[in-house]
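J.: One structure is given below, represented as structure tokens, and several questions about it will come after.
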Amino acid sequence: MPFTRRKFIKTTALGLSVLPFSNTFAFGLPTNDDDLYRLSEAIVPEWGKALLGLMISDKNDKDYGGIYCPADKSVHGRSGDAIYPFFYLADKTNNPDYLDAAQKMFQWSERTVSQADGSWLNDPVKGAWKGTTVFYAIAIAEAIKNHGHIADAAFKDELTDRLKKAGDYIYNTFSITYGNINYPIAASYGLSLLGELLDIPKFRTRGRELAHAALPFITQNGILYGEGHPYDQPSPKGCFSVDLGYNVEESLPSLVLYGKLTGDEEVLQAVTRALLAHMEFMLPDGGWDNSWGTRNYKWTYWGSRTSDGCQPAFALMADRDPRFYRVALKNTQLLKHITHKGLLQGGPHYKSHGVPVCVHHTLCHIKALTTILDHERIYPTAADRVLLPRETRYGMRFFSDIQTWLIAKGKFRATVTGYDRNYNQKAMHASGGALTMLWHEATGSLLTASMNKYELIEKYNMQPDTDPLSMPLTPRIEWKNGDETFTNINDTSAIIEADEKTDQVHVKIKAKLVNSKQQDPLSGSLNCQIDYMFTDGRVNIHYRTDRASEGQTTIIFPVISPTGEKVTAADKKIEISKPGATVLVSCNRELQILPTTTGRVFNFVPGMEAVPLGINGGDAEVTISIL
């Protein structure tokens, strides 16, 4: 069968300098299966079985044929997207239950979210977003193209007729400015695929137009922008709207699939450049560092809550750089690691915190793994001898497009950002020189950002936070005035200077404590300075504010730690015992563990628990060491 053929690649078209393979990183992840496709072949049936088990089978239920979500206690409008992996599993396993389920799901979609104009609603509520029509259309088209021979003629004709209506809707509605950039880019592949499958030339023509219209959205540095409006107006720091999660899991995969389908080398060369740039943000354990992105309100550490996955983008382009295979493999290993009872969890600590798992993640990401299994398999011969950028100790790199610095010093990996482009006033990512990621080879994540305030920006695509003591995870300085909070991580105008020497990386921050509207307290501006010092053995952070002695000023320092890890506290130090090492947080001031409901705070962005530390006042030195 065509999807079992292997393609061996001996060289990289980019002239990569291959580094010797090292397995010194202690990720705490299963690494016994380093074959991306064998691992995917194990995960897809596991997820598919769980989804099949959640299908509503009561014919008297209005949602008969939909897939029940344990977290939301309802059926998501995009349940039908699973039609593609169900067709794949029916074909591969000869289990008729999957084909029967695919038919029931399609009928549920037609009863519940299908619209007269050819679209499908994202949610089964009046007035819901219709842009996700393109993803359902792609899923149906892939099912027919790759596995349509298993369906009877009547069902296949029904699907084909419905696809034509969806294709007309996409053709008539989508433009390069429709929604965020992920939608027109997805339509470039979707229309090209439908044009081929249905033999409609105008669909293929529009698909090519959209793909080429998207190329100017890739900057000279390879960063794809357009995840937020306005597209064409830069921020005060010259930044445009960039979201790593949507880029690597939706837009770049669509461009790759379009280029592979059509043989469009101009697009494939452009997307190769983009893949190299975005690869810089993969952490050594396969997590995506979207601690700074415009739409990181859906960041789940492994990617984004409702996008499909990075595998089609990177695995299908591994003949151009063997590191792309490693990206896809590492992320897939992480997906496997945090799968629980057949469902992909929305972050590493859902299980330890007892958080219900939304089925949406599995519905989407099973499509990405099915996609690479249905395409030609690429095994670069150098894949076991290369390292990802953040697996190397390169010092410091600056990304001007997003005003973000990546640091790789010793065994530490860190991210500092002054990115000043927010999706909207409610969907604020950390800025102000925040340390949005601190990761260590022996422990994984130590510090990470979240939304500055958790808000349900997409009500039906995010889980509500009901914990009265929950808080942002981003390390920060806060000044309270009643119910209003002023903090450095809100400040989009912060000044950042970074200096790299042989033995250290020093990052200096000058910022203000402001509210979400960039306003100072009524009593006047409140300035702060933060110094980060990264050396091979430790990270030192010095916080200073104008009003350090005032009681309202607090340094908040949540340290990532799942429930079950032992915490030992003394006046000026905290020790957290992790499986691979002990984390020592010491301070020149008293460290307090702030109140929690369960012993840990949890944030859905990016799905992690933390021990929340607090320091009264605004002048303190904090040191993190790994013992």
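Going by the structure tokens order, chains are called A, B, ..., each with residues numbered from 1, while ligands are numbered from 1 in the order shown.
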I'd like the contact shell of segment 589-596 of chain A - 6 Å cut-off, only C-alpha atoms, skipping same-chain residues fewer than 3 positions apart - returned as a PyMOL selection string.
T.: chain A and resi 469+571-572+599-600+612-615
J.: For the residues in that selection, give me C-alpha atoms as a compact mmCIF listing (two decimals), in the first residue's frame.
T.:
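Once everything was written out, this is part13.txt:
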# COMPACT_ATOMS: atom_id res chain seq x y z
CA LEU A 469 -7.06 30.80 44.36
CA ASP A 571 12.81 30.93 55.82
CA LYS A 572 14.81 31.84 52.75
CA GLY A 599 -1.47 22.36 47.52
CA ARG A 600 -0.72 23.50 43.97
CA PRO A 612 3.34 29.60 44.25
CA LEU A 613 6.10 31.46 46.09
CA GLY A 614 5.75 35.05 47.26
CA ILE A 615 8.18 37.70 48.53
J.: Name the residues in contact with Val44 of chain A at a cut-off of 7 Å, using only C-alpha atoms, excluding same-chain residues fewer than 2 positions from it; report them as a ChimeraX atom specification.
T.: /A:40-42,46-48,366,369-370
J.: Those residues you just picked out, can you put them in a file as a compact mmCIF listing (two decimals), in the first residue's frame with N, CA and C atoms?
T.:
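Written output follows (part00.txt):
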# COMPACT_ATOMS: atom_id res chain seq x y z
N SER A 40 3.39 6.45 15.82
CA SER A 40 2.10 6.97 15.36
C SER A 40 1.10 5.85 15.12
N GLU A 41 1.61 4.73 14.60
CA GLU A 41 0.74 3.57 14.37
C GLU A 41 0.20 3.00 15.67
N ALA A 42 0.89 3.25 16.77
CA ALA A 42 0.41 2.81 18.08
C ALA A 42 -0.57 3.80 18.68
N GLU A 46 -5.02 3.80 19.61
CA GLU A 46 -5.33 4.06 21.02
C GLU A 46 -6.32 5.21 21.14
N TRP A 47 -6.02 6.31 20.46
CA TRP A 47 -6.93 7.46 20.49
C TRP A 47 -8.26 7.12 19.81
N GLY A 48 -8.18 6.42 18.68
CA GLY A 48 -9.39 6.09 17.95
C GLY A 48 -10.34 5.23 18.77
N ILE A 366 -5.36 13.51 16.29
CA ILE A 366 -5.37 12.21 15.63
C ILE A 366 -5.34 12.38 14.12
N LEU A 369 -1.55 12.76 12.94
CA LEU A 369 -0.80 11.50 12.88
C LEU A 369 -1.32 10.61 11.76
N THR A 370 -2.63 10.63 11.53
CA THR A 370 -3.18 9.86 10.41
C THR A 370 -2.64 10.39 9.09
J.: Need to verify the contact set: Val416 of chain A, 8 Å, only C-alpha atoms, exclusion of same-chain residues closer than 4 positions in sequence. Can you return it as a list in words?
T.: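 Skipping anything fewer than 4 positions along the chain leaves Thr404, Trp405, Leu406, Gly433, Ala434, Leu435, Thr436 and Met437 of chain A.
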J.: As an MDAnalysis selection string, please: every residue in segment 326-575 of chain A that DSSP puts in helix (DSSP H, G or I).
T.: chainID A and resid 326:337 350:353 360:373 383:385 389:391 400:402 459:461 488:490
J.: Rounded to one decimal in Å, what is the spacing between atom CA of Leu36 of chain A and atom CA of Leu329 of chain A?
T.: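 These two atoms are separated by 5.1 Å.
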J.: To one decimal place in Å, what is the distance between atom CA of Arg38 of chain A and atom CA of Tyr350 of chain A?
T.: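 Separation between atom CA of Arg38 of chain A and atom CA of Tyr350 of chain A: 26.1 Å.
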J.: Which residue out of A:Asn461, A:Ser304, A:Leu252, A:Lys367 has the minimum interatomic distance to Leu89 of chain A when only C-alpha atoms are used?
T.: A:Lys367
J.: With a distance cut-off of 7 Å and only C-alpha atoms, select the neighbouring residues of segment 536-543 of chain A, excluding the residue or stretch itself and same-chain residues fewer than 2 positions from it, and output the selection as a list in words.
T.: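 With the cut-off at 7 Å, the set is Lys409, Gly410, Lys411, Gln529, Ile530, Asp531, Tyr532, Met533, Phe534, Thr545, Gly618, Asp619, Ala620, Glu621, Val622, Thr623, Ile624 and Ser625 of chain A.
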J.: Could you work out how far atom CA of Gly238 of chain A lies from atom CA of Asp491 of chain A, giving the answer in Å with one decimal?
T.: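 Atom-to-atom, atom CA of Asp491 of chain A and atom CA of Gly238 of chain A are spaced 15.7 Å apart.
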J.: Go through A:Thr553, A:Gln311, A:Thr177, A:Asn603 and flag the residue nearest Pro464 of chain A, using only C-alpha atoms for the distances.
T.: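 Ranked by minimum distance to Pro464 of chain A, first place goes to A:Asn603.
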J.: With a distance cut-off of 7 Å and only C-alpha atoms, select the neighbouring residues of Ala382 of chain A, excluding the residue or stretch itself and same-chain residues fewer than 3 positions from it, and output the selection as a ChimeraX atom specification.
T.: /A:322,385-386
J.: Skip Ile338 of chain A itself and residues of its chain fewer than 5 positions away, then list as a VMD selection string all residues within 10 Å of it, counting only C-alpha atoms.
T.: chain A and resid 29 302 333 343 to 351
J.: Next, the residues of the selection above should be written as a short mmCIF file (atom, residue, chain, number, x, y, z; two decimals), in the first residue's frame with N, CA and C atoms.
T.:
data_model
loop_
_atom_site.label_atom_id
_atom_site.label_comp_id
_atom_site.auth_asym_id
_atom_site.auth_seq_id
_atom_site.Cartn_x
_atom_site.Cartn_y
_atom_site.Cartn_z
N LEU A 29 10.84 11.12 29.50
CA LEU A 29 9.91 10.66 28.48
C LEU A 29 10.33 9.29 27.97
N TRP A 302 2.33 21.11 24.48
CA TRP A 302 2.67 20.31 23.30
C TRP A 302 2.22 20.99 22.02
N GLN A 333 6.43 11.79 20.76
CA GLN A 333 6.76 11.13 22.03
C GLN A 333 6.09 11.85 23.20
N LEU A 343 -6.91 9.34 25.81
CA LEU A 343 -7.17 10.72 25.40
C LEU A 343 -5.95 11.59 25.66
N LEU A 344 -5.69 12.49 24.72
CA LEU A 344 -4.60 13.44 24.86
C LEU A 344 -5.01 14.52 25.86
N GLN A 345 -4.22 14.63 26.93
CA GLN A 345 -4.51 15.64 27.95
C GLN A 345 -4.11 17.03 27.47
N GLY A 346 -4.76 18.04 28.03
CA GLY A 346 -4.50 19.41 27.61
C GLY A 346 -3.26 20.02 28.21
N GLY A 347 -2.38 19.22 28.77
CA GLY A 347 -1.14 19.71 29.36
C GLY A 347 -0.53 18.63 30.22
N PRO A 348 0.72 18.81 30.63
CA PRO A 348 1.43 17.76 31.37
C PRO A 348 0.83 17.39 32.72
N HIS A 349 0.10 18.31 33.37
CA HIS A 349 -0.33 18.06 34.74
C HIS A 349 -1.84 17.94 34.90
N TYR A 350 -2.55 17.68 33.83
CA TYR A 350 -3.99 17.43 33.96
C TYR A 350 -4.26 16.26 34.90
N LYS A 351 -3.53 15.18 34.71
CA LYS A 351 -3.76 13.98 35.51
C LYS A 351 -3.43 14.23 36.98
#
J.: Using only C-alpha atoms, I'd like a table of the residues in segment 289-403 of chain A that come within 8 Å of segment 255-267 of chain A; for each, show the closest atom pair and its distance in Å rounded to one decimal, ordered by chain and ascending number, as CSV.
T.:
residue,atom,partner,partner_atom,distance
A:Pro312,CA,A:Leu257,CA,7.3
A:Ala313,CA,A:Val256,CA,5.7
A:Leu316,CA,A:Val256,CA,7.5
A:Met317,CA,A:Val256,CA,7.6
